[in-house]
Amino acid sequence: MMLFNIFVSTIENFKLNKQCSINMIKGKFYLILILLLFSLPYSTNLTVAKTIRKSKSAERIVSPSAFYTGAFYINGNSEFATVASARGWQGDGSKSNPYLIQSFSIDGFGSGTGIFIANTSVYFHVFNISISHLSYAVHLVNVSHGELLNISYRQISLSPAIYLQNSREISINGTDGLSSVVGIEVQSSSNITFTNNMFDGGGFRIKSVSNLIMNKNFVHYAKYGVYATDSKSLFFNFTVIWYSEIAGFKLYNCSNSLLSNNTVFNTQLDSYRIKLSHNTTFISDVADFAVNGFVALNSSYTSFIGCTSKRNTLTISARSVSTAVLVGFYLNNSDYSFFRNNLAFKNIKEGFLVDNSPHLTMENNTASTNGDGFVVLSSNSSKITHNLSYNSTFSEFTAIYNYNLDFSFNQANTNPNGLLSTRYEVFHNPSSTYRLNRLFKNGISGDRYTLNYIEGISGNNLSFVFMDDFATNYSLYNGKNMLYTKAWTNGVMVNVSFDGYRGGSYNFTIVFRDGYGSNLTIPVHLIVIDLTAPAQVLGLLASPLSTTSIQISWNPSTAQDFSHYNIYRSGIFINRTKSTYYIDTHLNMTTSYAYQITAVDKAGNEGMKSFAISVMTLSPDTTPPTITILSPIGTVYDPLNITVISADNVKVASVNYRIDGGGWSKLIQKSALIWAVILNKNTIKAGNHTLLIKSIDTSGNVAYGVRTFELRINNTTNVSISPSSKVNGGSFVPIQISSVLIALVAVFLIERKRR
């Protein structure tokens, strides 16, 4: 330690005296460093160095420098505690009181590591730290329970600036990095969180990681914004990548990943690229201005939902032509994939290109102003339905060499300025199905219409004008029933009337046909408003259940469009129900309440209130139970038999006893009125005793009874009555009468008297 202080003092003198010789300082540095190494032969630093040398990434690690102001180097929990004490860090490393390392700067000489922590499991927070002019900013090895917050680094020379290795439960938030190296690299770790980090010049590198969450991060000008390999359970959310040389997001050999609401702008090759990565889902992600938007290769169960890929028009002079597909969405050799509600806009080649990817589902996607809209090749057992493509330079839809293809309900609108444009190139698809694909011009789409009107009002029409050179006829269907078929003419308005329907909900379909043999299907949902309220509710009954609750019931409503009942207490709405009974609770005791019920239909019409009925909650029970002690009486013998009769006007909840002021114990209920227990000489000693009985009813009323008695040991508890009767030749036999029998006789006499 003394040598270390000498070294620090030397450096401080160097700072104060700028005229010192650089060579002299270097000589002192090496001399003191050699002395330190010899004076600390068993230093934990050497142990960590050995551990690091065993790592595959050993050549990338530069020993941290304690010579820079603020830098620190920790190996193990005990050393963490020592350094924390020496530096005055708050906390004890527990979950509730983590170490707090905060608010200082680390400025190096161009090499070393600012913060190095290894082999710890304590809880710590590092925040508001500025690091510059070093090889690495932060390096964590085999660390858990750490948080890095608001770390700022500049001029870091080696990748990565922040490195996590074999670590768990680490969060890095609010990092501001300006350097040309990778911002954060994490390897062989789990339960990692990155939030609100910003890197200018470097991105994220992820390898062999599980359970990683990235939320609201920003990367500008990097080779890869995010590059993940051999990882699983990854979640990327609201992250922005602005200019990347190769890919915004690249996933290789990953599984169970979710990318949601991310944006990649101005990428020199692929905005999003996955390969050999399964169960990947993209939701509302945006790819803007790249060579390719979304690329999935050899990746099964890939889903694209609500994503946008646009303006993929970058030149590729510096790249191989074979890699430049120039498409919005490109899927190759990836089975069981799914596209829904995605948009491909202004891509030089295909909006959607799928090749050799069986069991594909594409529905409700839109391709606008691309070279080709949708191209599906050699993808068997696929479903291409309800998609829209328009203003393509060449073909709106191309489907070739697909076995068992369902190609239905798609719409191709031709570009009036695209002389080369064709609407469908669909052929060589054996065992396939084609249904109701639309071939209309000028951007006509099959929208769903909803029409509302009040029952009895007329003039409820829908009007359409379509442009088609081969218009033939249209039909109106109510469900599956065709109501009529009429002719229609190119450019002439068609009026479809929906007058005359009673209150309720209806589903219609209008089908327009042209000479191509194709149809335009328009669903119409009709709602006729019902203003007729249900009839008055009858048969209302009410009865009290307790001092605080009342039950009411009534006859069911006869309304065909019945929805529910409204319940009113004293004229005020209190609840609704679909049942024909209701229990009102939390009421006041001995209080009268008036109830009314109304029926409500599905249109919201409420019927007349029922006749009111009044009922009062029950009065509180203030009558205590009665107690009759049958035994013991006078002098009794071991074992002691305690038998009590207790009755109540409602119900007895429990009967307890205690002897000579001891603790209370419970008697066992033998019948509706009898409570008893038997105690032997091990429980109670011989002598005079006082027995106290306490009976409690369900309302909490209490009654007491007392009895004094003498207990004698080693005698029978039975009473002998002699003589009685002669048996077996005239000898007298004692008759044994138990105390229980006496109790039963007493109960019988009491019950008879009560009757």
# chains A, B, ... in the order shown; residues from 1 in each chain; ligands from 1
>>> residues_around(residues="Tyr581 (chain A)", least_positions_apart="3", cutoff="7 Å", atoms="only C-alpha atoms", output="short mmCIF file (atom, residue, chain, number, x, y, z; two decimals) with N, CA and C atoms, in the first residue's frame")
data_model
loop_
_atom_site.label_atom_id
_atom_site.label_comp_id
_atom_site.auth_asym_id
_atom_site.auth_seq_id
_atom_site.Cartn_x
_atom_site.Cartn_y
_atom_site.Cartn_z
N ILE A 552 -84.19 -10.67 -3.49
CA ILE A 552 -85.36 -10.38 -4.31
C ILE A 552 -85.36 -11.29 -5.52
N SER A 553 -86.56 -11.59 -6.05
CA SER A 553 -86.70 -12.43 -7.25
C SER A 553 -87.90 -11.95 -8.04
N TRP A 554 -87.97 -12.35 -9.34
CA TRP A 554 -89.02 -11.87 -10.21
C TRP A 554 -89.20 -12.83 -11.39
#
>>> select_by_dssp(residues="region 124-288 of chain A", states="strand (DSSP E or B)", output="MDAnalysis selection string")
chainID A and resid 124:134 136:156 162:165 168:173 176:178 184:195 198:200 204:215 218:229 232:237 240:252 255:260 263:267 270:275 278:283 286:288
>>> closest_residue(among="A:Ser671, A:Thr690, A:Tyr595, A:His220", to="Ile633 (chain A)", atoms="only C-alpha atoms")
A:Thr690
>>> atom_distance(atom1="CA of Asp372 (chain A)", atom2="CA of Phe345 (chain A)")
10.7 Å
>>> residues_around(residues="region 280-295 of chain A", least_positions_apart="6", cutoff="7 Å", atoms="only C-alpha atoms", output="ChimeraX atom specification")
/A:255-274,301-314,324-331
>>> atom_distance(atom1="CA of Val652 (chain A)", atom2="CA of Thr548 (chain A)")
20.2 Å
